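First the structure, in the form of C-alpha cells, and then the observations on it.
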Amino acid sequence: HGIGDGSDIGRIKRQQAFIAGLIKKVKSDGLTPTKLLPLANAATKSMTVDPGLGSANKLISFAMSMKGIDLHNTTFITVPWRYQGERVAIVEPEADALWAALKADRTLDGEDAGKKNGHKKPEPAQSAGPVSGDGIAVAIHNGTTTGGLASRAATALTEHGFTVTGTGNAPSQDHSTTTITYGPGQRSQAKTVARLFAGAELEPASTDGITVTLGQSYADAPSAVPSPEPDTLPSVAHDARSADDDACSNLSYG
C-alpha cells in the first residue's frame, strides 16, 4: 500500500519493494530448501519466468546461490526508459550497455565484479547524452565475419563529427565484444567514441591512435545513435513485463 501510482512504472516499484522485503525475510529466517519449496512452487504457478528458472528446483537452486550475498550489496534498478506518447519505451544505447555490463560481470557503477577473484577485465565504456566527435580521429576494424560492419560504423561516426582514418578487417574475426583501444593521453576521446557502441570495452595501448574493433555484439544489436537522457527510478526487481508493454523489464543484481 502507498507505493506507485497505478501505472506500469508504479507496478515495477511495487514489485521491487516486494522482492526486497521478500529477500530480507527469507534471509532472516534462513535459506533452506524446505522453507523455500512452498514459495518456489507458488512462484512457478503464478509468474512467467525465464526457461532457466522454470521449475521449483531451479528457483531454489538460484536462491541458494544468493545465500552469501549481503542485502546491502543488492541493488534494484529499472532498465532505462522514457515515455513515448502513452507508452513506455526502452532507451538505447543505455539499455544495451546495462545488459552488456551484467553479462560481462561488471557492477552497475562499472567496476569489475571479478576483481575480488584476482581477475582484471577491460574498462567498461560509459554512454549518455549527445555525442560530438569533433577533432577525434578513429580507425575501424571489423572483428567479425559479418560483412559491412566497418562501413556501417564509419557512417555512424562520421554523422557525429568523428574523422574516420580508415576501415578494414581485424587480424581475427572472432571478437564477441567491441573493443576500443587508445594511445597515451587519449582516454577521454576513446570514452567519447565508446558512447556510440553499447557495451564496448576500453583498453589502453602503448601507441598513439584510437581503433575500434567491432565485435559480434555490434553485429547483433548496433547502437549507433544515442537516445535522450533516460528517466531514472530510485530502485530493480525481477523480470516484469506487462501484457500492454514489455519495455519495463527489471532485474535483480547482487
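By convention here, the chains of the C-alpha cells are called A, B, ... in the order presented, each chain's residues are numbered starting at 1, and ligands are numbered starting at 1 in the order presented.
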Leaving out range 33-48 of chain A and any residue of its chain fewer than 6 positions from it, which residues lie within 8 Å of it when counting only C-alpha atoms, given as a ChimeraX atom specification?
/A:54-57,59-60,64
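Every protein, DNA or RNA residue with an atom at most 12 Å from Thr158 in chain A, where only C-alpha atoms count and chain neighbours fewer than 4 positions away do not, is listed here: Val131, Ser132, Gly133, Asp134, Gly135, Ile136, Ala137, Val138, Ala139, Ile140, Ser151, Arg152, Ala153, Ala154, Phe162, Thr163, Val164, Thr165, Gly166, Val193, Leu196, Ala224 and Val225 of chain A.
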Prev. selection, N, CA, C and O atoms, output as an mmCIF file, in the first residue's frame:
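Final output, saved to part-v4.cif:
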```cif
data_model
loop_
_atom_site.group_PDB
_atom_site.id
_atom_site.type_symbol
_atom_site.label_atom_id
_atom_site.label_comp_id
_atom_site.auth_asym_id
_atom_site.auth_seq_id
_atom_site.Cartn_x
_atom_site.Cartn_y
_atom_site.Cartn_z
ATOM 1 N N VAL A 131 26.516 13.122 -28.504
ATOM 2 C CA VAL A 131 27.919 12.819 -28.762
ATOM 3 C C VAL A 131 28.446 13.735 -29.864
ATOM 4 O O VAL A 131 27.819 13.892 -30.903
ATOM 5 N N SER A 132 29.603 14.346 -29.634
ATOM 6 C CA SER A 132 30.278 15.145 -30.650
ATOM 7 C C SER A 132 31.693 14.622 -30.814
ATOM 8 O O SER A 132 32.462 14.555 -29.860
ATOM 9 N N GLY A 133 32.029 14.225 -32.059
ATOM 10 C CA GLY A 133 33.352 13.679 -32.324
ATOM 11 C C GLY A 133 34.304 14.672 -32.952
ATOM 12 O O GLY A 133 35.317 14.267 -33.536
ATOM 13 N N ASP A 134 34.010 15.944 -32.827
ATOM 14 C CA ASP A 134 34.843 16.976 -33.439
ATOM 15 C C ASP A 134 36.287 16.878 -32.951
ATOM 16 O O ASP A 134 36.552 16.895 -31.746
ATOM 17 N N GLY A 135 37.221 16.722 -33.897
ATOM 18 C CA GLY A 135 38.635 16.653 -33.546
ATOM 19 C C GLY A 135 39.127 15.286 -33.136
ATOM 20 O O GLY A 135 40.285 15.134 -32.740
ATOM 21 N N ILE A 136 38.292 14.250 -33.246
ATOM 22 C CA ILE A 136 38.682 12.899 -32.835
ATOM 23 C C ILE A 136 38.791 12.005 -34.069
ATOM 24 O O ILE A 136 37.830 11.865 -34.835
ATOM 25 N N ALA A 137 39.974 11.423 -34.281
ATOM 26 C CA ALA A 137 40.213 10.533 -35.418
ATOM 27 C C ALA A 137 40.126 9.077 -34.964
ATOM 28 O O ALA A 137 40.649 8.715 -33.900
ATOM 29 N N VAL A 138 39.486 8.250 -35.770
ATOM 30 C CA VAL A 138 39.237 6.858 -35.396
ATOM 31 C C VAL A 138 39.475 5.936 -36.589
ATOM 32 O O VAL A 138 39.066 6.240 -37.714
ATOM 33 N N ALA A 139 40.134 4.803 -36.333
ATOM 34 C CA ALA A 139 40.243 3.731 -37.321
ATOM 35 C C ALA A 139 39.278 2.622 -36.915
ATOM 36 O O ALA A 139 39.065 2.388 -35.725
ATOM 37 N N ILE A 140 38.695 1.943 -37.892
ATOM 38 C CA ILE A 140 37.685 0.930 -37.602
ATOM 39 C C ILE A 140 38.087 -0.401 -38.213
ATOM 40 O O ILE A 140 38.408 -0.491 -39.405
ATOM 41 N N SER A 151 31.868 -0.328 -42.479
ATOM 42 C CA SER A 151 31.257 0.783 -43.217
ATOM 43 C C SER A 151 30.086 1.367 -42.442
ATOM 44 O O SER A 151 29.895 2.589 -42.395
ATOM 45 N N ARG A 152 29.288 0.502 -41.823
ATOM 46 C CA ARG A 152 28.156 0.968 -41.034
ATOM 47 C C ARG A 152 28.628 1.826 -39.868
ATOM 48 O O ARG A 152 28.084 2.904 -39.609
ATOM 49 N N ALA A 153 29.656 1.343 -39.163
ATOM 50 C CA ALA A 153 30.181 2.091 -38.027
ATOM 51 C C ALA A 153 30.805 3.399 -38.482
ATOM 52 O O ALA A 153 30.681 4.434 -37.806
ATOM 53 N N ALA A 154 31.492 3.363 -39.644
ATOM 54 C CA ALA A 154 32.130 4.578 -40.157
ATOM 55 C C ALA A 154 31.087 5.646 -40.449
ATOM 56 O O ALA A 154 31.285 6.836 -40.160
ATOM 57 N N PHE A 162 33.044 12.618 -36.104
ATOM 58 C CA PHE A 162 34.347 11.971 -35.986
ATOM 59 C C PHE A 162 35.032 11.915 -37.361
ATOM 60 O O PHE A 162 34.361 11.921 -38.395
ATOM 61 N N THR A 163 36.349 11.848 -37.338
ATOM 62 C CA THR A 163 37.120 11.654 -38.566
ATOM 63 C C THR A 163 37.544 10.196 -38.642
ATOM 64 O O THR A 163 38.266 9.710 -37.766
ATOM 65 N N VAL A 164 37.074 9.482 -39.650
ATOM 66 C CA VAL A 164 37.424 8.068 -39.823
ATOM 67 C C VAL A 164 38.659 7.986 -40.698
ATOM 68 O O VAL A 164 38.641 8.383 -41.872
ATOM 69 N N THR A 165 39.744 7.472 -40.137
ATOM 70 C CA THR A 165 41.024 7.427 -40.855
ATOM 71 C C THR A 165 41.165 6.198 -41.724
ATOM 72 O O THR A 165 42.081 6.127 -42.559
ATOM 73 N N GLY A 166 40.299 5.213 -41.535
ATOM 74 C CA GLY A 166 40.390 4.011 -42.350
ATOM 75 C C GLY A 166 39.516 2.900 -41.814
ATOM 76 O O GLY A 166 39.152 2.893 -40.631
ATOM 77 N N VAL A 193 34.144 8.091 -28.096
ATOM 78 C CA VAL A 193 33.884 7.140 -29.182
ATOM 79 C C VAL A 193 33.004 5.996 -28.674
ATOM 80 O O VAL A 193 32.038 5.582 -29.327
ATOM 81 N N LEU A 196 29.033 5.499 -28.666
ATOM 82 C CA LEU A 196 28.242 5.067 -29.815
ATOM 83 C C LEU A 196 28.187 3.550 -29.950
ATOM 84 O O LEU A 196 27.545 3.041 -30.869
ATOM 85 N N ALA A 224 23.956 2.941 -32.714
ATOM 86 C CA ALA A 224 24.753 4.000 -33.297
ATOM 87 C C ALA A 224 24.309 5.397 -32.905
ATOM 88 O O ALA A 224 25.065 6.330 -32.985
ATOM 89 N N VAL A 225 23.052 5.539 -32.492
ATOM 90 C CA VAL A 225 22.549 6.872 -32.196
ATOM 91 C C VAL A 225 22.087 6.939 -30.755
ATOM 92 O O VAL A 225 21.155 6.254 -30.370
#
```
Can you tell me which residues surround range 171-175 of chain A at a distance of at most 7 Å, considering only C-alpha atoms, apart from same-chain residues fewer than 2 positions away, and format the answer as a PyMOL selection string?
chain A and resi 143-145+169+177+215-216
Tell me which of A:Gly10, A:Gly21, A:Gly168, A:Gly185 sits closest to Leu71 in chain A, counting only C-alpha atoms.
A:Gly21
For Ala190 in chain A, work out the shell of residues within 10 Å, counting only C-alpha atoms and skipping chain neighbours fewer than 4 positions away, then give it as a PyMOL selection string.
chain A and resi 125+136-138+180-183+185-186+194-195+201-204+209-212
Calculated over only C-alpha atoms, which of the candidates A:Thr179, A:Asn73, A:Phe197, A:Thr78 has the smallest distance to Lys13 in chain A?
A:Thr78
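Taking CA of Trp81 in chain A and CA of Arg106 in chain A as the two end points, the separation is 20.9 Å.
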Using DSSP secondary structure from the backbone, list all alpha helix (DSSP H) positions within range 63-212 of chain A, as number ranges by chain.
A: 63-65, 94-103, 149-159, 187-194
Where does DSSP see strand (DSSP E or B) in range 5-212 of chain A, if you list the residues as number ranges by chain?
A: 75-78, 81-84, 87-90, 106, 112, 123-124, 137-142, 163-169, 179-182, 201-204, 210-212
For the residues selected in the previous step, produce a file with C-alpha atoms as a PDB file, in the first residue's frame.
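Output below, filename selection_14.pdb:
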```pdb
ATOM      1  CA  THR A  75      20.716  -3.065  -5.925  1.00  0.00           C
ATOM      2  CA  PHE A  76      17.310  -2.778  -7.585  1.00  0.00           C
ATOM      3  CA  ILE A  77      17.257  -0.818 -10.822  1.00  0.00           C
ATOM      4  CA  THR A  78      14.806  -0.346 -13.695  1.00  0.00           C
ATOM      5  CA  TRP A  81      13.121   4.147 -20.043  1.00  0.00           C
ATOM      6  CA  ARG A  82      11.175   7.136 -21.272  1.00  0.00           C
ATOM      7  CA  TYR A  83       7.586   7.909 -22.171  1.00  0.00           C
ATOM      8  CA  GLN A  84       6.713   7.592 -25.861  1.00  0.00           C
ATOM      9  CA  ARG A  87       3.543   4.035 -23.746  1.00  0.00           C
ATOM     10  CA  VAL A  88       6.883   3.305 -22.132  1.00  0.00           C
ATOM     11  CA  ALA A  89       9.904   2.782 -24.385  1.00  0.00           C
ATOM     12  CA  ILE A  90      13.354   1.419 -23.580  1.00  0.00           C
ATOM     13  CA  ARG A 106      30.516  -5.763 -14.101  1.00  0.00           C
ATOM     14  CA  ASP A 112      34.832  -5.369 -12.395  1.00  0.00           C
ATOM     15  CA  GLU A 123      37.485  -0.964 -18.529  1.00  0.00           C
ATOM     16  CA  PRO A 124      33.787  -0.643 -19.454  1.00  0.00           C
ATOM     17  CA  ALA A 137      40.213  10.533 -35.418  1.00  0.00           C
ATOM     18  CA  VAL A 138      39.237   6.858 -35.396  1.00  0.00           C
ATOM     19  CA  ALA A 139      40.243   3.731 -37.321  1.00  0.00           C
ATOM     20  CA  ILE A 140      37.685   0.930 -37.602  1.00  0.00           C
ATOM     21  CA  HIS A 141      38.341  -2.802 -37.850  1.00  0.00           C
ATOM     22  CA  ASN A 142      35.697  -5.489 -38.356  1.00  0.00           C
ATOM     23  CA  THR A 163      37.120  11.654 -38.566  1.00  0.00           C
ATOM     24  CA  VAL A 164      37.424   8.068 -39.823  1.00  0.00           C
ATOM     25  CA  THR A 165      41.024   7.427 -40.855  1.00  0.00           C
ATOM     26  CA  GLY A 166      40.390   4.011 -42.350  1.00  0.00           C
ATOM     27  CA  THR A 167      38.357   0.802 -42.279  1.00  0.00           C
ATOM     28  CA  GLY A 168      39.316  -2.834 -42.691  1.00  0.00           C
ATOM     29  CA  ASN A 169      39.244  -6.292 -41.172  1.00  0.00           C
ATOM     30  CA  THR A 179      36.883  -3.116 -28.127  1.00  0.00           C
ATOM     31  CA  ILE A 180      38.242   0.423 -28.328  1.00  0.00           C
ATOM     32  CA  THR A 181      41.996   0.819 -27.899  1.00  0.00           C
ATOM     33  CA  TYR A 182      43.547   4.219 -27.281  1.00  0.00           C
ATOM     34  CA  GLU A 201      35.278  -2.077 -23.637  1.00  0.00           C
ATOM     35  CA  LEU A 202      38.174   0.378 -23.406  1.00  0.00           C
ATOM     36  CA  GLU A 203      41.765  -0.844 -23.497  1.00  0.00           C
ATOM     37  CA  PRO A 204      44.910   1.318 -23.288  1.00  0.00           C
ATOM     38  CA  ILE A 210      42.172   5.223 -31.419  1.00  0.00           C
ATOM     39  CA  THR A 211      40.979   1.993 -33.021  1.00  0.00           C
ATOM     40  CA  VAL A 212      37.513   0.450 -32.831  1.00  0.00           C
TER      41      VAL A 212
END
```
When you draw a straight line from CA of Ala97 in chain A to CA of Ile23 in chain A, how long is it in Å?
26.7 Å
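Straight-line separation from CA of Leu98 in chain A to CA of Phe18 in chain A: 22.8 Å.
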